[in-house]
>>> print(open('start06.cif').read())   # mmCIF, C-alpha atoms and all ligand atoms
data_model
#
loop_
_atom_site.label_atom_id
_atom_site.label_comp_id
_atom_site.auth_asym_id
_atom_site.auth_seq_id
_atom_site.Cartn_x
_atom_site.Cartn_y
_atom_site.Cartn_z
CA MET A 271 -9.75 -29.88 -1.90
CA LEU A 272 -6.20 -30.12 -3.15
CA ILE A 273 -6.10 -29.35 -6.85
CA GLN A 274 -3.92 -31.73 -8.85
CA LYS A 275 -2.75 -31.82 -12.43
CA ASN A 276 -4.68 -34.95 -13.36
CA MET A 277 -8.02 -33.33 -12.50
CA LYS A 278 -10.36 -32.03 -15.15
CA LEU A 279 -10.19 -28.26 -15.15
CA ALA A 280 -13.95 -28.07 -15.69
CA GLU A 281 -14.55 -30.00 -12.48
CA VAL A 282 -12.22 -27.69 -10.59
CA ILE A 283 -14.23 -24.69 -11.81
CA HIS A 284 -17.49 -26.36 -10.80
CA HIS A 285 -15.99 -26.71 -7.37
CA ASP A 286 -14.71 -23.11 -7.18
CA HIS A 287 -15.88 -20.75 -9.90
CA THR A 288 -13.95 -17.81 -8.43
CA LEU A 289 -10.87 -19.33 -10.10
CA VAL A 290 -12.11 -18.20 -13.53
CA PRO A 291 -10.28 -14.83 -13.52
CA ILE A 292 -7.14 -16.67 -12.43
CA ILE A 293 -7.14 -19.13 -15.33
CA ASN A 294 -7.92 -16.21 -17.64
CA ARG A 295 -4.65 -14.64 -16.55
CA PHE A 296 -2.88 -17.70 -17.92
CA GLY A 297 -4.60 -17.32 -21.26
CA ILE A 298 -7.16 -20.04 -20.63
CA HIS A 299 -10.66 -18.88 -21.47
CA LEU A 300 -14.15 -20.25 -20.95
CA GLY A 301 -15.03 -22.95 -23.42
CA PHE A 302 -11.75 -24.73 -22.68
CA GLY A 303 -13.22 -28.20 -23.16
CA ASN A 304 -12.99 -31.42 -21.25
CA ASP A 305 -9.22 -31.84 -20.77
CA ASN A 306 -7.43 -32.25 -17.50
CA ILE A 307 -5.15 -29.58 -16.10
CA ALA A 308 -1.92 -31.10 -17.41
CA GLU A 309 -3.31 -31.41 -20.94
CA ILE A 310 -4.62 -27.85 -20.97
CA CYS A 311 -1.30 -26.54 -19.66
CA ARG A 312 0.62 -28.36 -22.37
CA LYS A 313 -1.70 -26.96 -25.01
CA HIS A 314 -1.19 -23.41 -23.72
CA LYS A 315 2.53 -23.91 -22.95
CA ILE A 316 2.01 -23.18 -19.27
CA ASN A 317 4.34 -24.47 -16.54
CA ILE A 318 2.14 -27.12 -14.89
CA ASP A 319 3.65 -26.94 -11.38
CA PHE A 320 3.33 -23.19 -11.34
CA PHE A 321 -0.26 -23.27 -12.54
CA VAL A 322 -1.31 -25.86 -9.96
CA THR A 323 0.48 -23.96 -7.17
CA ILE A 324 -1.31 -20.73 -8.03
CA LEU A 325 -4.72 -22.41 -8.25
CA ASN A 326 -4.24 -24.05 -4.88
CA ALA A 327 -3.00 -20.87 -3.23
CA PHE A 328 -6.16 -19.10 -4.37
CA HIS A 329 -8.50 -21.91 -3.61
CA ASP A 330 -7.35 -22.81 -0.13
CA ALA A 331 -6.32 -20.23 2.44
CA HIS A 332 -4.43 -22.92 4.35
CA TYR A 333 -2.45 -24.15 1.38
CA PHE A 334 1.23 -23.75 1.93
CA PRO A 335 3.39 -24.61 -1.06
CA GLN A 336 6.89 -25.71 -0.18
CA LYS A 337 8.39 -28.30 -2.44
CA GLN A 338 7.06 -26.95 -5.69
CA LEU A 339 8.65 -23.56 -5.02
CA ARG A 340 11.78 -24.24 -6.97
CA ASN A 341 10.15 -25.82 -9.96
CA PHE A 342 9.41 -22.66 -11.87
CA PRO A 343 11.34 -19.52 -12.76
CA ALA A 344 10.70 -16.33 -10.77
CA ALA A 345 10.07 -14.52 -14.05
CA LEU A 346 6.93 -16.61 -14.49
CA LEU A 347 5.64 -15.63 -11.10
CA ILE A 348 6.35 -11.96 -11.72
CA ASP A 349 4.62 -12.08 -15.05
CA TYR A 350 1.62 -13.57 -13.32
CA LEU A 351 1.61 -10.96 -10.54
CA GLN A 352 1.80 -8.16 -13.08
CA LYS A 353 -1.19 -9.55 -14.91
CA ALA A 354 -3.06 -9.60 -11.63
CA HIS A 355 -2.11 -5.94 -11.01
CA HIS A 356 -3.37 -5.11 -14.44
CA TYR A 357 -6.65 -6.84 -13.62
CA PHE A 358 -7.07 -4.83 -10.42
CA LEU A 359 -6.17 -1.44 -11.85
CA ASP A 360 -7.65 -1.69 -15.31
CA ASP A 361 -10.69 -3.89 -14.77
CA LYS A 362 -11.82 -3.95 -11.16
CA ILE A 363 -11.23 -0.35 -10.12
CA PRO A 364 -13.03 1.22 -13.12
CA GLU A 365 -15.80 -1.34 -12.75
CA ILE A 366 -16.45 -0.36 -9.14
CA ALA A 367 -16.07 3.36 -9.85
CA GLY A 368 -18.68 2.83 -12.55
CA LEU A 369 -21.03 1.12 -10.12
CA ILE A 370 -20.76 4.07 -7.74
CA ASN A 371 -21.53 6.54 -10.50
CA LYS A 372 -24.35 4.42 -11.76
CA MET A 373 -26.03 4.85 -8.40
CA ALA A 374 -26.38 8.52 -9.26
CA THR A 375 -28.20 7.83 -12.51
CA GLU A 376 -30.39 5.24 -10.86
CA TYR A 377 -31.30 7.83 -8.24
CA ALA A 378 -30.53 5.36 -5.51
CA LEU A 379 -28.86 8.09 -3.46
CA ASP A 380 -28.47 11.84 -3.66
CA LYS A 381 -25.63 13.42 -5.63
CA THR A 382 -23.67 14.72 -2.65
CA THR A 383 -23.52 11.31 -1.00
CA ILE A 384 -22.43 9.66 -4.20
CA GLY A 385 -19.78 12.34 -4.67
CA LEU A 386 -18.42 11.48 -1.24
CA LEU A 387 -18.29 7.77 -1.97
CA SER A 388 -16.74 8.36 -5.32
CA ASN A 389 -14.03 10.66 -3.95
CA PHE A 390 -13.25 8.22 -1.23
CA PHE A 391 -12.92 5.41 -3.70
CA THR A 392 -10.60 7.52 -5.87
CA GLY A 393 -8.39 8.03 -2.82
CA TYR A 394 -8.34 4.31 -2.26
CA SER A 395 -7.47 3.59 -5.90
CA LYS A 396 -4.50 5.97 -5.70
CA GLU A 397 -3.20 4.13 -2.66
CA LEU A 398 -3.54 0.79 -4.39
CA LYS A 399 -1.79 2.15 -7.46
CA LYS A 400 1.12 3.37 -5.33
CA HIS A 401 1.46 -0.01 -3.68
CA ILE A 402 1.51 -1.76 -7.05
CA GLN A 403 3.95 0.75 -8.54
CA TYR A 404 6.40 0.12 -5.74
CA GLU A 405 6.26 -3.60 -6.38
CA GLU A 406 6.66 -3.26 -10.12
CA GLU A 407 9.36 -0.60 -10.09
CA THR A 408 11.44 -1.70 -7.12
CA ILE A 409 10.78 -5.30 -6.16
CA TYR A 410 10.30 -7.06 -9.47
CA PRO A 411 13.41 -5.66 -11.19
CA TYR A 412 15.40 -6.76 -8.16
CA VAL A 413 14.02 -10.29 -8.35
CA LEU A 414 14.65 -10.51 -12.09
CA ALA A 415 18.23 -9.30 -11.62
CA LEU A 416 18.71 -11.97 -9.00
CA GLU A 417 17.44 -14.65 -11.30
CA LYS A 418 19.72 -13.46 -14.07
CA ALA A 419 22.72 -13.40 -11.76
CA GLN A 420 21.91 -16.91 -10.69
CA ALA A 421 22.01 -18.13 -14.26
CA GLU A 422 25.43 -16.56 -14.88
CA ARG A 423 28.63 -18.50 -14.35
CA ASN A 424 30.55 -15.65 -12.86
CA PRO A 425 28.30 -14.06 -10.28
CA ASP A 426 30.65 -11.17 -9.51
CA LYS A 427 29.91 -9.46 -12.78
CA ASN A 428 26.27 -9.10 -11.99
CA PRO A 429 23.95 -6.60 -10.39
CA PHE A 430 23.23 -8.79 -7.45
CA VAL A 431 25.63 -6.71 -5.38
CA ARG A 432 22.40 -5.37 -4.00
CA VAL A 433 21.91 -8.64 -2.24
CA ASN A 434 24.05 -7.26 0.54
CA ASN A 435 22.17 -4.04 1.24
CA PHE A 436 18.69 -4.91 0.12
CA SER A 437 16.89 -8.10 0.80
CA ILE A 438 13.44 -9.37 0.09
CA SER A 439 12.79 -9.48 3.83
CA ASP A 440 12.70 -5.65 3.76
CA TYR A 441 9.75 -5.98 1.44
CA GLU A 442 8.23 -8.71 3.53
CA THR A 443 8.11 -6.58 6.65
CA GLN A 444 6.94 -3.46 4.83
CA HIS A 445 4.36 -5.17 2.69
CA GLU A 446 1.43 -3.35 4.28
CA ASN A 447 -2.11 -4.09 3.50
CA VAL A 448 -4.16 -1.77 1.38
CA GLU A 449 -7.40 -3.00 2.79
CA GLU A 450 -7.98 -0.48 5.58
CA LYS A 451 -9.72 2.03 3.34
CA LEU A 452 -11.72 -0.71 1.69
CA PHE A 453 -12.88 -1.83 5.11
CA ASP A 454 -13.95 1.72 5.97
CA LEU A 455 -15.85 2.03 2.72
CA LYS A 456 -17.73 -1.18 3.37
CA ASN A 457 -18.66 0.01 6.83
CA ILE A 458 -19.81 3.39 5.55
CA ILE A 459 -22.08 1.66 3.07
CA ILE A 460 -23.37 -0.90 5.54
CA LYS A 461 -23.88 1.40 8.51
CA TYR A 462 -23.98 5.07 7.61
CA LEU A 463 -25.55 5.72 4.24
CA PRO A 464 -28.91 7.48 4.12
CA GLU A 465 -31.73 5.14 3.21
CA PRO A 466 -31.66 4.46 -0.53
CA LYS A 467 -34.70 4.55 -2.80
CA ASP A 468 -33.65 1.25 -4.31
CA ASP A 469 -31.76 -1.49 -2.48
CA LYS A 470 -30.19 -3.29 -5.42
CA PRO A 471 -27.40 -0.89 -6.48
CA GLY A 472 -26.02 -0.75 -2.95
CA TYR A 473 -25.93 -4.50 -2.71
CA ARG A 474 -24.29 -4.82 -6.10
CA LEU A 475 -21.58 -2.35 -5.04
CA LEU A 476 -21.04 -4.05 -1.72
CA ARG A 477 -20.74 -7.44 -3.36
CA GLU A 478 -18.03 -6.12 -5.69
CA LEU A 479 -16.15 -4.55 -2.77
CA PHE A 480 -16.17 -7.82 -0.85
CA THR A 481 -14.94 -9.66 -3.93
CA LEU A 482 -12.16 -7.13 -4.50
CA ASP A 483 -11.12 -7.41 -0.89
CA LYS A 484 -10.99 -11.18 -1.14
CA GLU A 485 -9.03 -11.11 -4.39
CA LEU A 486 -6.53 -8.60 -3.02
CA ASN A 487 -6.01 -10.75 0.04
CA GLU A 488 -5.37 -13.78 -2.10
CA HIS A 489 -2.97 -11.77 -4.21
CA ALA A 490 -1.06 -10.63 -1.15
CA ARG A 491 -0.97 -14.23 0.03
CA ILE A 492 0.75 -15.25 -3.19
CA GLU A 493 3.27 -12.46 -2.68
CA ASP A 494 3.90 -13.40 0.94
CA LEU A 495 3.83 -17.17 0.64
CA ILE A 496 5.23 -17.83 -2.81
CA LEU A 497 7.25 -14.83 -3.99
CA VAL A 498 9.01 -14.01 -0.73
CA PRO A 499 10.17 -17.56 0.15
CA LYS A 500 11.26 -18.16 -3.41
CA VAL A 501 13.34 -14.98 -3.53
CA LYS A 502 14.81 -15.81 -0.14
CA ALA A 503 16.00 -19.13 -1.46
CA MET A 504 17.54 -17.34 -4.44
CA GLU A 505 19.32 -14.82 -2.22
CA LYS A 506 20.73 -17.58 -0.09
CA ALA A 507 21.93 -19.58 -3.07
CA LEU A 508 23.66 -16.52 -4.51
CA LYS A 509 25.36 -15.59 -1.28
CA ASN A 510 26.76 -19.11 -1.02
CA LYS A 511 27.90 -18.98 -4.62
CA LYS A 512 29.72 -15.72 -4.02
CA GLU A 513 31.61 -16.91 -0.99
CA MET B 643 -16.42 -9.54 17.09
CA LYS B 644 -13.09 -11.07 18.04
CA HIS B 645 -10.81 -12.58 15.44
CA VAL B 646 -9.17 -15.87 16.31
CA ILE B 647 -6.03 -17.48 14.89
CA ILE B 648 -5.22 -21.10 15.63
CA ILE B 649 -1.76 -22.67 15.59
CA VAL B 650 -2.06 -26.44 15.81
CA LYS B 651 -0.08 -29.02 13.88
CA TYR B 652 -2.42 -31.98 14.16
CA TYR B 653 -5.34 -31.85 11.79
CA LEU B 654 -7.89 -33.44 14.11
CA LEU B 655 -7.00 -31.12 16.95
CA GLN B 656 -7.04 -28.14 14.62
CA ALA B 657 -10.42 -29.03 13.14
CA GLY B 658 -11.87 -29.61 16.61
CA THR B 659 -10.62 -26.23 17.79
CA GLU B 660 -12.13 -24.52 14.74
CA GLU B 661 -15.40 -26.27 15.44
CA LEU B 662 -15.33 -25.10 19.04
CA ILE B 663 -14.84 -21.48 18.01
CA GLN B 664 -17.91 -21.63 15.81
CA GLU B 665 -19.94 -22.45 18.90
CA VAL B 666 -19.01 -19.30 20.80
CA PRO B 667 -20.94 -16.19 19.79
CA GLY B 668 -18.69 -13.24 19.02
CA LEU B 669 -15.64 -15.30 18.07
CA MET B 670 -14.69 -15.46 14.44
CA HIS B 671 -12.15 -17.91 13.07
CA LEU B 672 -9.68 -16.05 10.89
CA LYS B 673 -6.91 -18.51 10.03
CA SER B 674 -5.21 -21.69 11.12
CA TYR B 675 -1.52 -22.51 10.88
CA THR B 676 0.45 -25.64 11.65
CA GLY B 677 3.24 -23.86 13.54
CA GLU B 678 5.91 -24.86 11.04
CA GLU B 679 5.50 -21.95 8.62
CA PRO B 680 8.66 -19.84 8.24
CA ARG B 681 8.44 -16.42 9.94
CA LEU B 682 5.09 -17.24 11.44
CA THR B 683 5.48 -14.56 14.10
CA ASP B 684 5.49 -11.81 11.48
CA ILE B 685 2.52 -13.33 9.72
CA VAL B 686 0.52 -13.49 12.93
CA LEU B 687 1.56 -9.95 13.94
CA LYS B 688 0.24 -8.70 10.63
CA HIS B 689 -3.20 -10.19 11.27
CA LYS B 690 -3.49 -8.59 14.73
CA PRO B 691 -5.73 -11.35 16.10
CA ASP B 692 -7.74 -10.66 19.25
CA VAL B 693 -7.35 -14.26 20.34
CA LEU B 694 -4.55 -16.67 19.55
CA ILE B 695 -4.99 -20.34 20.39
CA ILE B 696 -1.72 -22.28 20.36
CA HIS B 697 -0.77 -25.89 20.85
CA PRO B 698 2.78 -25.08 22.04
CA ASP B 699 4.28 -28.40 20.92
CA SER B 700 3.23 -27.61 17.35
CA LEU B 701 5.66 -24.70 17.12
CA SER B 702 8.85 -25.38 15.18
CA ALA B 703 12.18 -24.38 16.74
CA GLU B 704 12.20 -21.19 14.67
CA ASN B 705 8.75 -20.23 15.94
CA ALA B 706 9.27 -21.25 19.54
CA SER B 707 9.43 -17.65 20.75
CA LEU B 708 6.20 -16.71 18.97
CA PRO B 709 3.92 -16.63 22.03
CA HIS B 710 6.28 -14.38 23.93
CA LYS B 711 6.74 -11.98 21.01
CA ILE B 712 3.00 -11.72 20.41
CA TYR B 713 2.48 -11.17 24.12
CA ALA B 714 5.05 -8.37 24.11
CA HIS B 715 3.78 -6.62 20.98
CA GLN B 716 0.08 -6.94 20.88
CA ASN B 717 -3.02 -6.85 22.94
CA THR B 718 -3.82 -10.43 22.08
CA ASN B 719 -5.44 -12.98 24.31
CA LEU B 720 -3.15 -16.01 24.31
CA ILE B 721 -4.65 -19.43 24.93
CA ALA B 722 -2.71 -22.68 25.19
CA ILE B 723 -3.97 -26.17 24.41
CA VAL B 724 -2.12 -28.85 26.42
CA ARG B 725 -2.68 -32.10 28.25
CA LYS B 726 -3.50 -31.86 31.94
CA ASN B 727 -0.13 -33.30 32.95
CA GLU B 728 1.67 -30.61 30.96
CA LYS B 729 0.01 -27.85 32.95
CA ASP B 730 3.20 -26.70 34.64
CA ARG B 731 5.06 -26.28 31.40
CA VAL B 732 2.71 -23.59 30.08
CA SER B 733 4.52 -20.25 30.00
CA SER B 734 3.10 -17.21 31.73
CA ASP B 735 2.46 -15.52 28.37
CA PHE B 736 -0.75 -17.49 28.15
CA SER B 737 -3.78 -16.14 29.97
CA THR B 738 -5.96 -19.23 29.57
CA VAL B 739 -5.28 -22.94 29.28
CA LEU B 740 -7.55 -25.43 27.53
CA PHE B 741 -6.98 -29.08 28.39
CA MET B 742 -7.36 -31.75 25.76
CA GLU B 743 -9.13 -33.99 28.28
CA GLU B 744 -11.88 -31.47 28.97
CA ASN B 745 -15.32 -31.90 27.48
CA LYS B 746 -16.97 -29.53 25.09
CA SER B 747 -19.10 -27.61 27.56
CA VAL B 748 -16.14 -26.81 29.82
CA LEU B 749 -14.05 -25.64 26.87
CA GLU B 750 -16.90 -23.53 25.58
CA LYS B 751 -17.38 -21.97 28.97
CA LYS B 752 -13.71 -20.98 29.14
CA LEU B 753 -13.92 -19.30 25.75
CA ARG B 754 -17.15 -17.52 26.66
CA GLU B 755 -15.42 -16.11 29.72
CA ILE B 756 -12.79 -14.57 27.49
CA MET B 757 -15.53 -12.91 25.48
CA THR B 758 -17.12 -11.33 28.53
CA SER B 759 -13.96 -10.38 30.39
CA ALA B 760 -12.49 -8.50 27.44
CA GLY B 761 -12.77 -4.72 27.54
CA PRO B 762 -16.05 -2.93 28.25
CA ASN B 763 -15.53 -0.97 25.03
CA GLU B 764 -16.53 -3.96 23.01
CA ASN B 765 -20.13 -3.86 24.17
CA ASN B 766 -20.50 -0.09 24.32
CA HIS B 767 -20.51 0.10 20.57
CA LYS B 768 -23.00 2.92 20.63
CA GLU B 769 -22.92 6.65 20.17
CA LEU B 770 -19.87 8.85 20.31
CA SER B 771 -19.50 10.99 23.43
CA LYS B 772 -19.66 14.79 23.13
CA ARG B 773 -15.91 15.00 23.52
CA GLU B 774 -15.33 12.39 20.85
CA ILE B 775 -17.56 14.30 18.43
CA VAL B 776 -15.45 17.44 18.96
CA ILE B 777 -12.27 15.45 18.28
CA LEU B 778 -13.81 13.78 15.25
CA LYS B 779 -14.86 17.14 13.78
CA ASN B 780 -11.33 18.46 14.11
CA ILE B 781 -9.80 15.35 12.57
CA ALA B 782 -12.22 15.59 9.67
CA LEU B 783 -11.31 19.26 9.21
CA GLY B 784 -7.73 18.21 8.62
CA LEU B 785 -6.05 19.03 11.93
CA THR B 786 -3.25 16.82 13.16
CA HIS B 787 -3.46 15.20 16.57
CA GLN B 788 -0.91 17.70 17.87
CA GLU B 789 -2.91 20.66 16.57
CA ILE B 790 -6.05 19.30 18.20
CA ALA B 791 -4.20 18.84 21.50
CA ASP B 792 -3.01 22.46 21.41
CA LYS B 793 -6.40 23.80 20.44
CA LEU B 794 -8.31 21.95 23.17
CA PHE B 795 -5.58 22.25 25.85
CA ILE B 796 -5.27 18.49 26.28
CA SER B 797 -2.31 16.15 25.86
CA ILE B 798 -1.62 14.44 22.57
CA HIS B 799 -1.88 11.17 24.45
CA THR B 800 -5.52 12.00 25.29
CA VAL B 801 -6.22 12.82 21.65
CA ASN B 802 -4.73 9.48 20.60
CA THR B 803 -6.93 7.65 23.08
CA HIS B 804 -10.05 9.43 21.83
CA ARG B 805 -9.11 8.65 18.26
CA LYS B 806 -8.73 4.96 19.05
CA ASN B 807 -12.16 4.89 20.67
CA ILE B 808 -13.72 6.73 17.73
CA ASN B 809 -12.20 4.22 15.30
CA LYS B 810 -13.51 1.36 17.38
CA LYS B 811 -17.01 2.73 17.85
CA LEU B 812 -17.55 3.70 14.23
CA GLY B 813 -15.63 0.87 12.59
CA ILE B 814 -13.79 3.47 10.52
CA LYS B 815 -10.02 3.82 10.81
CA THR B 816 -8.76 6.11 8.07
CA VAL B 817 -9.00 9.92 8.04
CA PRO B 818 -10.77 10.02 4.65
CA GLY B 819 -13.29 7.53 6.03
CA LEU B 820 -13.88 9.73 9.08
CA ILE B 821 -14.37 12.73 6.80
CA VAL B 822 -17.09 10.91 4.89
CA TYR B 823 -18.75 9.95 8.15
CA ALA B 824 -18.62 13.52 9.46
CA LEU B 825 -20.09 14.90 6.24
CA LEU B 826 -22.85 12.30 6.05
CA ASN B 827 -23.84 13.17 9.61
CA HIS B 828 -23.55 16.91 9.02
CA LEU B 829 -20.90 17.31 11.71
CA ILE B 830 -18.94 19.42 9.23
CA GLN B 831 -19.68 21.10 5.92
CA MET B 832 -17.96 20.37 2.64
CA ASP B 833 -16.46 23.89 2.31
CA GLU B 834 -14.84 23.72 5.75
CA ILE B 835 -12.42 20.98 4.79
CA LYS B 836 -8.79 21.99 4.44
CA ASP B 837 -7.38 20.88 1.14
CA LYS B 838 -4.49 18.69 2.10
CA ASP B 839 -3.34 17.32 -1.20
FE FE A 901 0.97 -6.96 -5.77
FE FE A 902 1.26 -6.38 -2.62
#
>>> encode(input="start06.cif", output="structure tokens")
Amino acid sequence: MLIQKNMKLAEVIHHDHTLVPIINRFGIHLGFGNDNIAEICRKHKINIDFFVTILNAFHDAHYFPQKQLRNFPAALLIDYLQKAHHYFLDDKIPEIAGLINKMATEYALDKTTIGLLSNFFTGYSKELKKHIQYEEETIYPYVLALEKAQAERNPDKNPFVRVNNFSISDYETQHENVEEKLFDLKNIIIKYLPEPKDDKPGYRLLRELFTLDKELNEHARIEDLILVPKVKAMEKALKNKKE
Amino acid sequence: MKHVIIIVKYYLLQAGTEELIQEVPGLMHLKSYTGEEPRLTDIVLKHKPDVLIIHPDSLSAENASLPHKIYAHQNTNLIAIVRKNEKDRVSSDFSTVLFMEENKSVLEKKLREIMTSAGPNENNHKELSKREIVILKNIALGLTHQEIADKLFISIHTVNTHRKNINKKLGIKTVPGLIVYALLNHLIQMDEIKDKD
């Protein structure tokens, strides 16, 4: 289903409830009423094109936004991505770490095994944190500087000199996935854990890991399919302006 | 399980191909593209599909070299979808050709053949060999591939091959994951592990 601005947001959520954390990131919370997307966006002062693009990118793995790309500032996108990072690091990771530890108190598995899982997950979290730090400390400032330079009349005065020795395509090719460890963890739980005394905690944990994996993939898709092409267009426009 | 990516511009053809994949046990549909996406080659390379089904005419000019690049870089099974009268235009990068005129059972049979012809490793997903267990223990203890090669008087190339097979058999790729596996199976003890960081 292609999500459009004249649809009722409630109906969209009925269709795909996994979009709830996404709309939360825009400051829209449950109990949002009966309005359509455009009306809700106006109320919350959200860029409608941007909102609809993000919803579609999450909802449909085949969705490929092209025309709408230029309709919103890069700063908006970066703000959104940072909120998503915040959600991963401050909500999801502690939540899953908590689930692992809870297994110890529920005596689902012995302490040593839980210690192993928990250490492994800590290692994974560190890797994810590093990935996110690189994006926030290196990539985003670059993109924001580009956008600023683009707004200026005299481009030569601006920090976009870096356009010549750094380009977003460096990021594109290096943007590795952080899902390998997550995949291993899922396999360890599915295949190699000793038999638990209670099945439920393991399932709960596994379900969260699958959700995290899915959400991270969708996040990476937004970076690859929306951020990268948008920044490329900006780089190109600036190069032309300079010449 | 083999992951499949489809590159077909026309919706009906794409949907039919997806449907066909569902019918073949062991094939799993990962993604579909239209062939017009910018830098599609890089995107596909990232996914490392086992099977790539392409309708060559769908590829945009920018992506025209995609099949050849995938063929050169990865161990991917390339399949072309064409009409019968286009048979001679299919490049040698493709190992199998599906014809649009063929009926479902013939197409299915061709895909099943790919499943069975692909590497014996796939089906031998069982126990690790004695040698692999030795290698696994050493990896879990924190030795590098070079150190293991020196210790066991084998080439680093052999160690790499063992490691690949271990990863495949266990479904675990990272060193920390292998450590957990080795500990859970009492191949090593906690106090033996070298503190690396
Ligand atoms: Fe990110
Ligand atoms: Fe990322």
>>> closest_residue(input="start06.cif", among="B:Leu783, B:Ile777, B:Leu654, B:Ala722", to="Ile798 in chain B", atoms="all atoms listed in the file")
B:Ile777
>>> closest_residue(input="start06.cif", among="A:Phe480, A:Phe436, A:Phe358, A:Tyr333", to="ligand FE 901 (chain A)", atoms="all atoms listed in the file")
A:Phe358
>>> closest_atom_pairs(input="start06.cif", of="chain A", to="ligand FE 902 (chain A)", cutoff="9 Å", atoms="only C-alpha atoms and all ligand atoms", output="JSON lines")
{"residue": "A:Leu398", "atom": "CA", "partner": "A:FE902", "partner_atom": "FE", "distance": 8.8}
{"residue": "A:His401", "atom": "CA", "partner": "A:FE902", "partner_atom": "FE", "distance": 6.5}
{"residue": "A:Ile402", "atom": "CA", "partner": "A:FE902", "partner_atom": "FE", "distance": 6.4}
{"residue": "A:Tyr404", "atom": "CA", "partner": "A:FE902", "partner_atom": "FE", "distance": 8.9}
{"residue": "A:Glu405", "atom": "CA", "partner": "A:FE902", "partner_atom": "FE", "distance": 6.8}
{"residue": "A:His445", "atom": "CA", "partner": "A:FE902", "partner_atom": "FE", "distance": 6.3}
{"residue": "A:Glu446", "atom": "CA", "partner": "A:FE902", "partner_atom": "FE", "distance": 7.5}
{"residue": "A:Asn447", "atom": "CA", "partner": "A:FE902", "partner_atom": "FE", "distance": 7.4}
{"residue": "A:Val448", "atom": "CA", "partner": "A:FE902", "partner_atom": "FE", "distance": 8.2}
{"residue": "A:Leu486", "atom": "CA", "partner": "A:FE902", "partner_atom": "FE", "distance": 8.1}
{"residue": "A:Asn487", "atom": "CA", "partner": "A:FE902", "partner_atom": "FE", "distance": 8.9}
{"residue": "A:His489", "atom": "CA", "partner": "A:FE902", "partner_atom": "FE", "distance": 7.0}
{"residue": "A:Ala490", "atom": "CA", "partner": "A:FE902", "partner_atom": "FE", "distance": 5.1}
{"residue": "A:Arg491", "atom": "CA", "partner": "A:FE902", "partner_atom": "FE", "distance": 8.6}
{"residue": "A:Ile492", "atom": "CA", "partner": "A:FE902", "partner_atom": "FE", "distance": 8.9}
{"residue": "A:Glu493", "atom": "CA", "partner": "A:FE902", "partner_atom": "FE", "distance": 6.4}
{"residue": "A:Asp494", "atom": "CA", "partner": "A:FE902", "partner_atom": "FE", "distance": 8.3}
>>> interface_residues(input="start06.cif", of="chain A", to="chain B", cutoff="7 Å", atoms="only C-alpha atoms", output="mmCIF file with C-alpha atoms, in the coordinates of the input")
data_model
loop_
_atom_site.group_PDB
_atom_site.id
_atom_site.type_symbol
_atom_site.label_atom_id
_atom_site.label_comp_id
_atom_site.auth_asym_id
_atom_site.auth_seq_id
_atom_site.Cartn_x
_atom_site.Cartn_y
_atom_site.Cartn_z
ATOM 1 C CA HIS A 332 -4.430 -22.920 4.350
ATOM 2 C CA LEU A 386 -18.420 11.480 -1.240
ATOM 3 C CA PHE A 390 -13.250 8.220 -1.230
ATOM 4 C CA LYS A 451 -9.720 2.030 3.340
ATOM 5 C CA ASP A 454 -13.950 1.720 5.970
ATOM 6 C CA LEU A 455 -15.850 2.030 2.720
ATOM 7 C CA ASN A 457 -18.660 0.010 6.830
#
>>> residues_around(input="start06.cif", residues="Leu778 in chain B", least_positions_apart="4", cutoff="8 Å", atoms="all atoms listed in the file", output="JSON, numbers by chain")
{"B": [774, 782, 805, 808, 820, 824]}
>>> write_last_selection(input="start06.cif", atoms="C-alpha atoms", output="CSV table (one decimal), in the frame of the given file")
chain,number,residue,atom,x,y,z
B,774,GLU,CA,-15.3,12.4,20.8
B,782,ALA,CA,-12.2,15.6,9.7
B,805,ARG,CA,-9.1,8.6,18.3
B,808,ILE,CA,-13.7,6.7,17.7
B,820,LEU,CA,-13.9,9.7,9.1
B,824,ALA,CA,-18.6,13.5,9.5
>>> atom_distance(input="start06.cif", atom1="CA of Arg681 in chain B", atom2="CA of Ser707 in chain B")
10.9 Å
>>> closest_residue(input="start06.cif", among="A:His329, A:Arg312, A:His287, A:Lys400", to="ligand FE 901 (chain A)", atoms="only C-alpha atoms and all ligand atoms")
A:Lys400
>>> residues_around(input="start06.cif", residues="Gly385 in chain A", least_positions_apart="2", cutoff="12 Å", atoms="only C-alpha atoms", output="number ranges by chain")
A: 367, 370-374, 379-383, 387-392; B: 822, 825-826, 832
>>> residues_near_point(input="start06.cif", point="(-0.5, -14.1, 24.4)", cutoff="6 Å", atoms="all atoms listed in the file", output="list in words")
Pro709, Ile712, Tyr713, Thr718, Asn719, Leu720, Asp735 and Phe736 of chain B
>>> closest_residue(input="start06.cif", among="A:Gln420, A:Lys470, A:Val322, A:Pro343", to="Asn510 in chain A", atoms="all atoms listed in the file")
A:Gln420
>>> closest_residue(input="start06.cif", among="A:Ile324, A:Ile460, A:Leu508, A:Met271", to="Leu346 in chain A", atoms="all atoms listed in the file")
A:Ile324
>>> residues_around(input="start06.cif", residues="His799 in chain B", least_positions_apart="4", cutoff="10 Å", atoms="all atoms listed in the file", output="number ranges by chain")
B: 787-788, 791, 803-805
>>> atom_distance(input="start06.cif", atom1="CA of Leu829 in chain B", atom2="CA of Lys467 in chain A")
23.7 Å
>>> atom_distance(input="start06.cif", atom1="CA of Gly658 in chain B", atom2="CA of Asn727 in chain B")
20.5 Å
>>> residues_around(input="start06.cif", residues="range 305-309 of chain A", least_positions_apart="4", cutoff="8 Å", atoms="only C-alpha atoms", output="ChimeraX atom specification")
/A:274-280,313,318
